[in-house]
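The block underneath contains the structure these notes are about, expressed in structure tokens.
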Number of protein chains: 2
Amino acid sequence: MAKPTYYNLEKDKQDRLVDACMEEFSRYTFSDASINRIIKRAEISRGSFYQYFEDKEDCYLEMLGIIAQEKYRIFKDVVQTEAQNVFEAYLNMLRQVKLWMEAQPRYYKIGVLMELDKSSFIQKLIKQNPGMMEYFLSLIRKDQQNGIIRPDVDPQLLSDMLIGINQKLLMEHFVNKDYDRMIEASEAVLDLLQKGTRVR
Amino acid sequence: MAKPTYYNLEKDKQDRLVDACMEEFSRYTFSDASINRIIKRAEISRGSFYQYFEDKEDCYLEMLGIIAQEKYRIFKDVVQTEAQNVFEAYLNMLRQVKLWMEAQPRYYKIGVLMELDKSSFIQKLIKQNPGMMEYFLSLIRKDQQNGIIRPDVDPQLLSDMLIGINQKLLMEHFVNKDYDRMIEASEAVLDLLQKGTRVR
DNA sequence: ATTGAATATGACAGGGGTGTCATAATGGCA
DNA sequence: TGCCATTATGACACCCCTGTCATATTCAAT
């Protein structure tokens, strides 16, 4: 947790500091991020930084907290539509990610960079987050029982495929900032997955 | 190119040096790799390292050269079986990667770490390598003409899917060292892609 | 106005990194 | 043996980093 001094900061200064931190963490992984660059950008002294935060980890956690708040602010109204099947669930999820990318691209990038950091601090943080794999797995099994998906399909495999393609689509369209095309591509992917490539 | 002194080294010493470099570059990305650790492991002095190589980049390129040689040595005899379709081509490729992972896991890992390094030096190197996307694309189009793949399937999309799943399978099974299971999983993936998930 | 707490500051210590260079050691050859 | 080119060495300069701390400044309350 950040130190009391951080919370006592006048709004303007705190905003400058937060902006500098977010900028740094969205450009560099936690490991590569530099407090020197942060304090330069925020125009505060090195000593001040350590009046606000215990250390770099403390600072990072504070930023993650802000991001979580913003995520909640944006998505609290989004009605969690009941998914008919795993493919619909996938599309729902992707549409939410699209909203998030558009609303807070910098925050989204912080998330991406988190995945690339191999430091134990970040790896521990990632592990705490429950993956979507379990969610997909359960949906796939349900769809198999409901006769929507062939029973001989390996749920684990299909889940892996969905998540793998997901990552690729997200990354590709995020760099191009072409979020609408991303949804279209996903729909095509799902169509292909359901029907298969074979001519019949 | 490495300096003449490097090539004049007695075999034993050169081997120790190469081993130390390969070990370092397979543990850390180029950016994170440390010459200090290399010379410590190779038991040579700092000055010597710079008698052999211009700098870290020079050293890295030398290692990539050795890796390329070894790749050629292993694969020159492998008959490039003529692929019937893109799915067969994919499996052929994966089987070759499996051989490579088993024969030289350290070299394979160097390749993986290359993808994770964002430094301009490494990014330039990566760009020079032709991707397999174009190869898959042409095969898919041919398969569509031959009536093996539905004409309304977007080749780009299918290619993206193949490559995306590929990466996931490779990574997952590489950490588990379960290369046979990897091939099985790929076959299941291809089967699923061809038939689709739908019950009919 | 005075005083004491809260806050701000940058010099500093300590660690790691790369690349250089004067000097020392080595090895082959006359 | 003596000489010279080649090779080996680690101290050094310089860079960037984090976290600390004595000191200075600010601010509010008496």
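Following the order of the structure tokens, chains are lettered A, B, ..., residues in each are numbered from 1, and ligands are numbered from 1.
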Practice problem: Using only C-alpha atoms, determine which residues of chain A fall within 8 Å of chain B; present them as a list in words. | Solution: Leu116, Gly147, Ile148, Ile149, Arg150, Val153, Leu157, Leu158, Asp160, Met161, Gly164, Ile165, Lys168, Ala185, Ala188, Val189, Leu192, Leu193, Gln194, Lys195, Gly196, Thr197, Arg198 and Val199 of chain A
Exercise. Check every residue of chain D for an atom within 12 Å of chain B, counting only C-alpha atoms (C1' of nucleotides), and provide those that qualify as a ChimeraX atom specification.
Key: /D:6-11
Can you list every residue in stretch 3-170 of chain B that DSSP puts in helix (DSSP H, G or I), as a short mmCIF file (atom, residue, chain, number, x, y, z; two decimals) with N, CA, C and O atoms, in the first residue's frame?
data_model
loop_
_atom_site.label_atom_id
_atom_site.label_comp_id
_atom_site.auth_asym_id
_atom_site.auth_seq_id
_atom_site.Cartn_x
_atom_site.Cartn_y
_atom_site.Cartn_z
N PRO B 4 39.51 -12.39 -35.67
CA PRO B 4 40.37 -13.54 -35.99
C PRO B 4 40.78 -14.31 -34.74
O PRO B 4 40.84 -15.54 -34.76
N THR B 5 41.05 -13.58 -33.66
CA THR B 5 41.48 -14.23 -32.42
C THR B 5 40.51 -15.32 -31.99
O THR B 5 40.91 -16.34 -31.45
N TYR B 6 39.23 -15.06 -32.23
CA TYR B 6 38.23 -16.05 -31.84
C TYR B 6 38.42 -17.34 -32.62
O TYR B 6 38.37 -18.44 -32.05
N TYR B 7 38.67 -17.18 -33.92
CA TYR B 7 38.80 -18.37 -34.76
C TYR B 7 40.12 -19.10 -34.51
O TYR B 7 40.24 -20.29 -34.79
N ASN B 8 41.12 -18.38 -33.98
CA ASN B 8 42.41 -19.01 -33.67
C ASN B 8 42.41 -19.76 -32.35
O ASN B 8 43.37 -20.45 -32.03
N LYS B 11 40.54 -25.47 -29.56
CA LYS B 11 39.18 -26.00 -29.54
C LYS B 11 38.55 -26.00 -28.15
O LYS B 11 37.40 -25.57 -27.97
N ASP B 12 39.31 -26.48 -27.18
CA ASP B 12 38.77 -26.61 -25.83
C ASP B 12 38.24 -25.27 -25.31
O ASP B 12 37.12 -25.17 -24.81
N LYS B 13 39.06 -24.25 -25.47
CA LYS B 13 38.69 -22.94 -24.96
C LYS B 13 37.50 -22.37 -25.73
O LYS B 13 36.57 -21.80 -25.14
N GLN B 14 37.55 -22.54 -27.04
CA GLN B 14 36.43 -22.04 -27.86
C GLN B 14 35.13 -22.74 -27.47
O GLN B 14 34.09 -22.09 -27.36
N ASP B 15 35.21 -24.04 -27.26
CA ASP B 15 34.02 -24.80 -26.86
C ASP B 15 33.45 -24.25 -25.55
O ASP B 15 32.25 -24.07 -25.42
N ARG B 16 34.34 -24.01 -24.60
CA ARG B 16 33.90 -23.50 -23.31
C ARG B 16 33.20 -22.15 -23.49
O ARG B 16 32.15 -21.89 -22.91
N LEU B 17 33.78 -21.33 -24.34
CA LEU B 17 33.23 -20.00 -24.60
C LEU B 17 31.86 -20.10 -25.26
O LEU B 17 30.89 -19.47 -24.82
N VAL B 18 31.80 -20.92 -26.30
CA VAL B 18 30.53 -21.08 -27.02
C VAL B 18 29.46 -21.62 -26.08
O VAL B 18 28.32 -21.13 -26.06
N ASP B 19 29.86 -22.60 -25.29
CA ASP B 19 28.89 -23.18 -24.35
C ASP B 19 28.36 -22.12 -23.40
O ASP B 19 27.16 -22.05 -23.14
N ALA B 20 29.27 -21.31 -22.89
CA ALA B 20 28.86 -20.25 -21.95
C ALA B 20 27.91 -19.27 -22.62
O ALA B 20 26.90 -18.85 -22.03
N CYS B 21 28.22 -18.91 -23.86
CA CYS B 21 27.35 -17.97 -24.58
C CYS B 21 25.98 -18.58 -24.81
O CYS B 21 24.94 -17.94 -24.55
N MET B 22 25.96 -19.83 -25.30
CA MET B 22 24.68 -20.49 -25.59
C MET B 22 23.86 -20.60 -24.30
O MET B 22 22.64 -20.37 -24.31
N GLU B 23 24.53 -20.95 -23.23
CA GLU B 23 23.82 -21.08 -21.95
C GLU B 23 23.18 -19.74 -21.57
O GLU B 23 22.01 -19.67 -21.22
N GLU B 24 23.96 -18.69 -21.67
CA GLU B 24 23.46 -17.36 -21.31
C GLU B 24 22.29 -16.94 -22.20
O GLU B 24 21.26 -16.48 -21.72
N PHE B 25 22.46 -17.10 -23.51
CA PHE B 25 21.43 -16.63 -24.44
C PHE B 25 20.19 -17.52 -24.42
O PHE B 25 19.15 -17.14 -24.95
N SER B 26 20.31 -18.72 -23.85
CA SER B 26 19.12 -19.56 -23.75
C SER B 26 18.42 -19.34 -22.40
O SER B 26 17.32 -19.84 -22.18
N ARG B 27 19.10 -18.61 -21.51
CA ARG B 27 18.47 -18.29 -20.22
C ARG B 27 17.89 -16.89 -20.22
O ARG B 27 16.90 -16.63 -19.56
N ILE B 35 27.46 -10.15 -20.25
CA ILE B 35 28.81 -10.57 -20.60
C ILE B 35 29.56 -10.99 -19.34
O ILE B 35 30.37 -11.91 -19.37
N ASN B 36 29.27 -10.33 -18.25
CA ASN B 36 29.90 -10.71 -16.99
C ASN B 36 29.65 -12.18 -16.66
O ASN B 36 30.57 -12.91 -16.28
N ARG B 37 28.40 -12.60 -16.81
CA ARG B 37 28.09 -14.01 -16.51
C ARG B 37 28.77 -14.94 -17.51
O ARG B 37 29.25 -16.02 -17.15
N ILE B 38 28.80 -14.51 -18.76
CA ILE B 38 29.42 -15.35 -19.79
C ILE B 38 30.89 -15.60 -19.48
O ILE B 38 31.36 -16.74 -19.47
N ILE B 39 31.64 -14.54 -19.20
CA ILE B 39 33.08 -14.71 -18.98
C ILE B 39 33.35 -15.47 -17.69
O ILE B 39 34.33 -16.21 -17.60
N LYS B 40 32.45 -15.31 -16.74
CA LYS B 40 32.62 -16.05 -15.49
C LYS B 40 32.47 -17.54 -15.77
O LYS B 40 33.29 -18.35 -15.36
N ARG B 41 31.42 -17.88 -16.50
CA ARG B 41 31.15 -19.28 -16.80
C ARG B 41 32.23 -19.87 -17.71
O ARG B 41 32.62 -21.03 -17.55
N ALA B 42 32.70 -19.08 -18.66
CA ALA B 42 33.71 -19.58 -19.61
C ALA B 42 35.12 -19.51 -19.01
O ALA B 42 36.07 -20.02 -19.59
N ARG B 46 37.55 -10.48 -18.89
CA ARG B 46 36.75 -9.51 -19.62
C ARG B 46 37.46 -9.05 -20.89
O ARG B 46 36.85 -8.97 -21.96
N GLY B 47 38.75 -8.75 -20.75
CA GLY B 47 39.52 -8.29 -21.90
C GLY B 47 39.52 -9.31 -23.04
O GLY B 47 39.40 -8.95 -24.20
N SER B 48 39.65 -10.57 -22.68
CA SER B 48 39.68 -11.62 -23.71
C SER B 48 38.40 -11.62 -24.53
O SER B 48 38.45 -11.73 -25.76
N PHE B 49 37.28 -11.50 -23.83
CA PHE B 49 36.00 -11.52 -24.55
C PHE B 49 36.03 -10.51 -25.69
O PHE B 49 35.59 -10.81 -26.81
N TYR B 50 36.57 -9.35 -25.39
CA TYR B 50 36.59 -8.30 -26.42
C TYR B 50 37.74 -8.46 -27.40
O TYR B 50 37.86 -7.68 -28.34
N GLN B 51 38.60 -9.46 -27.18
CA GLN B 51 39.59 -9.84 -28.20
C GLN B 51 38.90 -10.74 -29.23
O GLN B 51 39.34 -10.85 -30.37
N TYR B 52 37.84 -11.43 -28.78
CA TYR B 52 37.18 -12.40 -29.65
C TYR B 52 36.04 -11.76 -30.43
O TYR B 52 35.83 -12.05 -31.60
N LYS B 56 28.63 -7.36 -27.75
CA LYS B 56 27.64 -8.39 -27.46
C LYS B 56 26.90 -8.80 -28.72
O LYS B 56 26.63 -9.99 -28.94
N GLU B 57 26.57 -7.83 -29.58
CA GLU B 57 25.85 -8.15 -30.82
C GLU B 57 26.67 -9.10 -31.68
O GLU B 57 26.16 -10.08 -32.23
N ASP B 58 27.94 -8.79 -31.82
CA ASP B 58 28.84 -9.63 -32.60
C ASP B 58 28.82 -11.06 -32.08
O ASP B 58 28.71 -12.03 -32.84
N CYS B 59 28.91 -11.19 -30.78
CA CYS B 59 28.90 -12.50 -30.13
C CYS B 59 27.60 -13.22 -30.43
O CYS B 59 27.59 -14.40 -30.80
N TYR B 60 26.49 -12.51 -30.31
CA TYR B 60 25.18 -13.12 -30.55
C TYR B 60 25.06 -13.63 -31.98
O TYR B 60 24.60 -14.73 -32.23
N LEU B 61 25.52 -12.81 -32.92
CA LEU B 61 25.45 -13.21 -34.33
C LEU B 61 26.28 -14.46 -34.58
O LEU B 61 25.89 -15.34 -35.34
N GLU B 62 27.45 -14.52 -33.93
CA GLU B 62 28.29 -15.71 -34.09
C GLU B 62 27.53 -16.95 -33.62
O GLU B 62 27.54 -17.99 -34.28
N MET B 63 26.85 -16.82 -32.49
CA MET B 63 26.09 -17.95 -31.96
C MET B 63 24.94 -18.33 -32.91
O MET B 63 24.70 -19.51 -33.16
N LEU B 64 24.26 -17.33 -33.44
CA LEU B 64 23.18 -17.61 -34.39
C LEU B 64 23.73 -18.37 -35.59
O LEU B 64 23.07 -19.26 -36.13
N GLY B 65 24.96 -18.01 -35.99
CA GLY B 65 25.59 -18.72 -37.11
C GLY B 65 25.78 -20.19 -36.79
O GLY B 65 25.47 -21.07 -37.61
N ILE B 66 26.27 -20.47 -35.60
CA ILE B 66 26.48 -21.86 -35.18
C ILE B 66 25.16 -22.61 -35.16
O ILE B 66 25.06 -23.75 -35.62
N ILE B 67 24.13 -21.94 -34.65
CA ILE B 67 22.81 -22.57 -34.59
C ILE B 67 22.31 -22.89 -35.99
O ILE B 67 21.78 -23.98 -36.25
N ALA B 68 22.51 -21.96 -36.90
CA ALA B 68 22.06 -22.18 -38.29
C ALA B 68 22.78 -23.38 -38.89
O ALA B 68 22.16 -24.21 -39.56
N GLN B 69 24.08 -23.48 -38.65
CA GLN B 69 24.86 -24.63 -39.14
C GLN B 69 24.29 -25.94 -38.62
O GLN B 69 24.09 -26.89 -39.37
N GLU B 70 24.02 -25.95 -37.32
CA GLU B 70 23.52 -27.18 -36.69
C GLU B 70 22.14 -27.54 -37.24
O GLU B 70 21.86 -28.71 -37.48
N LYS B 71 21.34 -26.51 -37.46
CA LYS B 71 20.02 -26.72 -38.04
C LYS B 71 20.17 -27.39 -39.40
O LYS B 71 19.48 -28.35 -39.72
N TYR B 72 21.09 -26.86 -40.18
CA TYR B 72 21.31 -27.41 -41.52
C TYR B 72 21.79 -28.85 -41.42
O TYR B 72 21.31 -29.74 -42.13
N ARG B 73 22.75 -29.10 -40.50
CA ARG B 73 23.32 -30.43 -40.33
C ARG B 73 22.21 -31.44 -40.03
O ARG B 73 22.21 -32.57 -40.54
N ILE B 74 21.27 -31.04 -39.19
CA ILE B 74 20.21 -31.96 -38.79
C ILE B 74 19.18 -32.17 -39.88
O ILE B 74 18.67 -33.27 -40.09
N PHE B 75 18.88 -31.08 -40.61
CA PHE B 75 17.74 -31.17 -41.51
C PHE B 75 18.10 -31.38 -42.97
O PHE B 75 17.23 -31.56 -43.80
N VAL B 86 -2.50 -28.08 -46.90
CA VAL B 86 -1.91 -27.21 -45.88
C VAL B 86 -1.84 -27.90 -44.52
O VAL B 86 -0.92 -27.66 -43.74
N PHE B 87 -2.76 -28.79 -44.26
CA PHE B 87 -2.76 -29.45 -42.96
C PHE B 87 -1.60 -30.44 -42.86
O PHE B 87 -0.95 -30.55 -41.83
N GLU B 88 -1.36 -31.12 -43.95
CA GLU B 88 -0.20 -32.01 -43.98
C GLU B 88 1.10 -31.20 -43.86
O GLU B 88 2.03 -31.60 -43.17
N ALA B 89 1.13 -30.10 -44.58
CA ALA B 89 2.33 -29.25 -44.53
C ALA B 89 2.58 -28.79 -43.10
O ALA B 89 3.73 -28.79 -42.62
N TYR B 90 1.50 -28.45 -42.44
CA TYR B 90 1.61 -27.99 -41.05
C TYR B 90 2.19 -29.09 -40.16
O TYR B 90 3.10 -28.86 -39.37
N LEU B 91 1.66 -30.30 -40.36
CA LEU B 91 2.15 -31.42 -39.55
C LEU B 91 3.62 -31.71 -39.84
O LEU B 91 4.40 -31.99 -38.92
N ASN B 92 3.98 -31.66 -41.11
CA ASN B 92 5.39 -31.87 -41.47
C ASN B 92 6.28 -30.87 -40.74
O ASN B 92 7.30 -31.24 -40.16
N MET B 93 5.85 -29.64 -40.78
CA MET B 93 6.64 -28.59 -40.15
C MET B 93 6.77 -28.85 -38.65
O MET B 93 7.84 -28.74 -38.07
N LEU B 94 5.65 -29.22 -38.04
CA LEU B 94 5.66 -29.45 -36.61
C LEU B 94 6.57 -30.63 -36.25
O LEU B 94 7.27 -30.60 -35.23
N ARG B 95 6.58 -31.64 -37.09
CA ARG B 95 7.45 -32.78 -36.82
C ARG B 95 8.92 -32.38 -36.89
O ARG B 95 9.74 -32.87 -36.12
N GLN B 96 9.21 -31.46 -37.80
CA GLN B 96 10.59 -30.98 -37.88
C GLN B 96 10.95 -30.17 -36.64
O GLN B 96 12.03 -30.33 -36.08
N VAL B 97 10.01 -29.34 -36.22
CA VAL B 97 10.27 -28.56 -35.00
C VAL B 97 10.48 -29.50 -33.82
O VAL B 97 11.34 -29.27 -32.97
N LYS B 98 9.71 -30.56 -33.78
CA LYS B 98 9.86 -31.53 -32.69
C LYS B 98 11.29 -32.09 -32.68
O LYS B 98 11.94 -32.17 -31.63
N LEU B 99 11.76 -32.49 -33.86
CA LEU B 99 13.14 -32.98 -33.97
C LEU B 99 14.12 -31.97 -33.40
O LEU B 99 15.04 -32.30 -32.65
N TRP B 100 13.91 -30.74 -33.80
CA TRP B 100 14.81 -29.66 -33.40
C TRP B 100 14.78 -29.43 -31.89
O TRP B 100 15.81 -29.28 -31.23
N MET B 101 13.57 -29.44 -31.32
CA MET B 101 13.42 -29.29 -29.87
C MET B 101 14.15 -30.39 -29.12
O MET B 101 14.78 -30.15 -28.09
N GLU B 102 14.03 -31.61 -29.64
CA GLU B 102 14.64 -32.75 -28.96
C GLU B 102 16.16 -32.72 -29.11
O GLU B 102 16.90 -33.01 -28.16
N ALA B 103 16.61 -32.37 -30.31
CA ALA B 103 18.05 -32.41 -30.58
C ALA B 103 18.76 -31.25 -29.88
O ALA B 103 19.83 -31.43 -29.30
N PRO B 105 17.44 -28.46 -27.50
CA PRO B 105 16.47 -27.64 -26.76
C PRO B 105 17.00 -26.24 -26.42
O PRO B 105 16.25 -25.28 -26.40
N ARG B 106 18.29 -26.17 -26.17
CA ARG B 106 18.86 -24.87 -25.81
C ARG B 106 18.78 -23.91 -26.99
O ARG B 106 18.46 -22.73 -26.83
N TYR B 107 19.07 -24.42 -28.15
CA TYR B 107 19.00 -23.57 -29.35
C TYR B 107 17.57 -23.16 -29.62
O TYR B 107 17.29 -22.03 -30.03
N TYR B 108 16.65 -24.08 -29.40
CA TYR B 108 15.25 -23.75 -29.60
C TYR B 108 14.84 -22.61 -28.67
O TYR B 108 14.15 -21.67 -29.09
N LYS B 109 15.33 -22.70 -27.45
CA LYS B 109 14.94 -21.68 -26.48
C LYS B 109 15.51 -20.31 -26.85
O LYS B 109 14.90 -19.28 -26.60
N ILE B 110 16.68 -20.33 -27.42
CA ILE B 110 17.26 -19.06 -27.89
C ILE B 110 16.32 -18.41 -28.90
O ILE B 110 16.09 -17.20 -28.88
N GLY B 111 15.75 -19.24 -29.76
CA GLY B 111 14.78 -18.73 -30.74
C GLY B 111 13.55 -18.16 -30.06
O GLY B 111 13.06 -17.11 -30.44
N VAL B 112 13.07 -18.86 -29.03
CA VAL B 112 11.90 -18.38 -28.31
C VAL B 112 12.18 -17.03 -27.67
O VAL B 112 11.39 -16.08 -27.78
N LEU B 113 13.34 -16.94 -27.02
CA LEU B 113 13.68 -15.69 -26.32
C LEU B 113 13.87 -14.53 -27.30
O LEU B 113 13.64 -13.38 -26.95
N MET B 114 14.27 -14.87 -28.51
CA MET B 114 14.41 -13.83 -29.53
C MET B 114 13.09 -13.12 -29.76
O MET B 114 13.04 -11.90 -29.91
N GLU B 115 12.02 -13.90 -29.78
CA GLU B 115 10.70 -13.33 -30.04
C GLU B 115 10.26 -12.40 -28.91
O GLU B 115 9.44 -11.52 -29.11
N LEU B 116 10.82 -12.64 -27.73
CA LEU B 116 10.38 -11.85 -26.57
C LEU B 116 11.19 -10.57 -26.39
O LEU B 116 10.83 -9.72 -25.59
N SER B 120 15.79 -3.10 -30.71
CA SER B 120 15.76 -2.90 -32.17
C SER B 120 16.70 -3.88 -32.87
O SER B 120 16.40 -4.35 -33.97
N PHE B 121 17.81 -4.19 -32.24
CA PHE B 121 18.75 -5.14 -32.84
C PHE B 121 18.07 -6.48 -33.12
O PHE B 121 18.14 -7.01 -34.24
N ILE B 122 17.36 -7.00 -32.13
CA ILE B 122 16.70 -8.30 -32.29
C ILE B 122 15.51 -8.18 -33.24
O ILE B 122 15.28 -9.04 -34.09
N GLN B 123 14.76 -7.10 -33.10
CA GLN B 123 13.59 -6.93 -33.98
C GLN B 123 14.00 -6.89 -35.45
O GLN B 123 13.31 -7.42 -36.31
N LYS B 124 15.14 -6.27 -35.70
CA LYS B 124 15.64 -6.23 -37.08
C LYS B 124 15.97 -7.64 -37.57
O LYS B 124 15.63 -8.03 -38.67
N LEU B 125 16.63 -8.39 -36.71
CA LEU B 125 16.99 -9.77 -37.07
C LEU B 125 15.75 -10.59 -37.40
O LEU B 125 15.73 -11.35 -38.37
N ILE B 126 14.73 -10.44 -36.57
CA ILE B 126 13.51 -11.22 -36.78
C ILE B 126 12.87 -10.88 -38.11
O ILE B 126 12.43 -11.77 -38.86
N LYS B 127 12.85 -9.59 -38.41
CA LYS B 127 12.21 -9.15 -39.66
C LYS B 127 12.89 -9.77 -40.88
O LYS B 127 12.24 -10.01 -41.91
N GLN B 128 14.20 -10.00 -40.78
CA GLN B 128 14.92 -10.56 -41.93
C GLN B 128 14.46 -11.97 -42.27
O GLN B 128 14.53 -12.39 -43.41
N MET B 133 3.94 -17.58 -42.89
CA MET B 133 2.59 -17.19 -43.25
C MET B 133 2.36 -17.28 -44.76
O MET B 133 1.37 -17.86 -45.21
N GLU B 134 3.29 -16.69 -45.51
CA GLU B 134 3.14 -16.70 -46.96
C GLU B 134 3.02 -18.14 -47.49
O GLU B 134 2.21 -18.44 -48.37
N TYR B 135 3.83 -19.01 -46.91
CA TYR B 135 3.82 -20.41 -47.32
C TYR B 135 2.45 -21.04 -47.09
O TYR B 135 1.86 -21.64 -48.00
N PHE B 136 1.92 -20.85 -45.89
CA PHE B 136 0.59 -21.38 -45.57
C PHE B 136 -0.46 -20.78 -46.48
O PHE B 136 -1.32 -21.48 -47.00
N LEU B 137 -0.38 -19.47 -46.68
CA LEU B 137 -1.37 -18.78 -47.50
C LEU B 137 -1.48 -19.42 -48.89
O LEU B 137 -2.57 -19.72 -49.37
N SER B 138 -0.33 -19.62 -49.51
CA SER B 138 -0.36 -20.16 -50.87
C SER B 138 -0.94 -21.58 -50.88
O SER B 138 -1.70 -21.94 -51.77
N LEU B 139 -0.57 -22.35 -49.85
CA LEU B 139 -1.10 -23.71 -49.78
C LEU B 139 -2.62 -23.71 -49.60
O LEU B 139 -3.34 -24.51 -50.21
N ILE B 140 -3.09 -22.81 -48.76
CA ILE B 140 -4.54 -22.75 -48.51
C ILE B 140 -5.28 -22.41 -49.81
O ILE B 140 -6.28 -23.03 -50.15
N ARG B 141 -4.73 -21.43 -50.54
CA ARG B 141 -5.40 -21.05 -51.80
C ARG B 141 -5.43 -22.23 -52.78
O ARG B 141 -6.43 -22.45 -53.46
N LYS B 142 -4.32 -22.97 -52.79
CA LYS B 142 -4.27 -24.12 -53.68
C LYS B 142 -5.33 -25.16 -53.27
O LYS B 142 -6.03 -25.72 -54.11
N ASP B 143 -5.43 -25.37 -51.94
CA ASP B 143 -6.41 -26.33 -51.43
C ASP B 143 -7.83 -25.91 -51.77
O ASP B 143 -8.70 -26.75 -52.01
N GLN B 144 -8.04 -24.60 -51.77
CA GLN B 144 -9.39 -24.13 -52.12
C GLN B 144 -9.69 -24.44 -53.58
O GLN B 144 -10.78 -24.87 -53.94
N GLN B 145 -8.67 -24.23 -54.45
CA GLN B 145 -8.86 -24.55 -55.87
C GLN B 145 -9.08 -26.04 -56.07
O GLN B 145 -9.85 -26.46 -56.93
N PRO B 155 -8.40 -17.20 -46.34
CA PRO B 155 -7.07 -17.81 -46.20
C PRO B 155 -6.24 -17.16 -45.09
O PRO B 155 -5.58 -17.84 -44.30
N GLN B 156 -6.29 -15.84 -45.06
CA GLN B 156 -5.52 -15.12 -44.05
C GLN B 156 -5.92 -15.57 -42.64
O GLN B 156 -5.07 -15.80 -41.78
N LEU B 157 -7.21 -15.73 -42.47
CA LEU B 157 -7.73 -16.11 -41.15
C LEU B 157 -7.28 -17.51 -40.77
O LEU B 157 -6.81 -17.75 -39.65
N LEU B 158 -7.40 -18.42 -41.69
CA LEU B 158 -7.02 -19.80 -41.42
C LEU B 158 -5.53 -19.88 -41.12
O LEU B 158 -5.09 -20.58 -40.19
N SER B 159 -4.76 -19.14 -41.88
CA SER B 159 -3.32 -19.10 -41.65
C SER B 159 -3.00 -18.56 -40.26
O SER B 159 -2.18 -19.14 -39.52
N ASP B 160 -3.66 -17.48 -39.90
CA ASP B 160 -3.48 -16.91 -38.55
C ASP B 160 -3.80 -17.94 -37.48
O ASP B 160 -3.10 -18.06 -36.47
N MET B 161 -4.88 -18.68 -37.71
CA MET B 161 -5.28 -19.67 -36.72
C MET B 161 -4.23 -20.76 -36.58
O MET B 161 -3.86 -21.15 -35.47
N LEU B 162 -3.77 -21.24 -37.70
CA LEU B 162 -2.75 -22.30 -37.66
C LEU B 162 -1.52 -21.83 -36.90
O LEU B 162 -0.99 -22.53 -36.04
N ILE B 163 -1.07 -20.63 -37.24
CA ILE B 163 0.15 -20.12 -36.61
C ILE B 163 -0.08 -19.84 -35.13
O ILE B 163 0.76 -20.14 -34.28
N GLY B 164 -1.26 -19.30 -34.80
CA GLY B 164 -1.56 -18.99 -33.41
C GLY B 164 -1.60 -20.24 -32.55
O GLY B 164 -1.00 -20.30 -31.48
N ILE B 165 -2.29 -21.26 -33.05
CA ILE B 165 -2.37 -22.51 -32.31
C ILE B 165 -0.99 -23.15 -32.21
O ILE B 165 -0.60 -23.70 -31.19
N ASN B 166 -0.28 -23.05 -33.29
CA ASN B 166 1.08 -23.58 -33.34
C ASN B 166 1.91 -23.05 -32.19
O ASN B 166 2.48 -23.81 -31.41
N GLN B 167 1.94 -21.74 -32.05
CA GLN B 167 2.73 -21.12 -30.99
C GLN B 167 2.33 -21.65 -29.62
O GLN B 167 3.17 -21.96 -28.79
N LYS B 168 1.04 -21.74 -29.42
CA LYS B 168 0.56 -22.18 -28.11
C LYS B 168 0.99 -23.62 -27.83
O LYS B 168 1.49 -23.94 -26.74
N LEU B 169 0.81 -24.48 -28.83
CA LEU B 169 1.19 -25.89 -28.65
C LEU B 169 2.69 -26.02 -28.41
O LEU B 169 3.13 -26.75 -27.52
N LEU B 170 3.46 -25.32 -29.22
CA LEU B 170 4.91 -25.40 -29.09
C LEU B 170 5.35 -24.99 -27.69
O LEU B 170 6.10 -25.69 -27.03
#
Quiz item: Expressed in Å to a single decimal, how great is the separation between atom C1' of D:DA28 and atom C1' of C:DA8?
Solution: 16.8 Å
Quiz item: Which residues of chain C are close to chain A, meaning at most 10 Å apart when you count only C-alpha atoms (C1' of nucleotides), and how do they look as a VMD selection string?
Solution: chain C and resid 6 to 10
Mind dumping the selected residues with C-alpha atoms (C1' of nucleotides) as a PDB file, in the first residue's frame?
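Output saved as out.pdb:
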ATOM      1  C1'  DA C   6       4.729  17.150   7.373  1.00  0.00           C
ATOM      2  C1'  DT C   7       6.855  17.218   3.095  1.00  0.00           C
ATOM      3  C1'  DA C   8      10.605  18.002  -0.437  1.00  0.00           C
ATOM      4  C1'  DT C   9      15.231  17.456  -2.004  1.00  0.00           C
ATOM      5  C1'  DG C  10      19.425  15.707  -4.207  1.00  0.00           C
TER       6       DG C  10
END
Self-check item: Nearby residues (only C-alpha atoms (C1' of nucleotides)) at most 12 Å from C:DG28, same-chain spacing under 4 positions excluded, as a ChimeraX atom specification
Solution: /D:3-6
Quiz prompt | Atom pair atom CA of B:Glu82 / atom CA of B:Asn129: separation (Å) | solution =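 Going from atom CA of B:Glu82 over to atom CA of B:Asn129, I get 22.5 Å.
Counting from atom CA of B:His173, the distance to atom CA of A:Ser119 is 21.8 Å.
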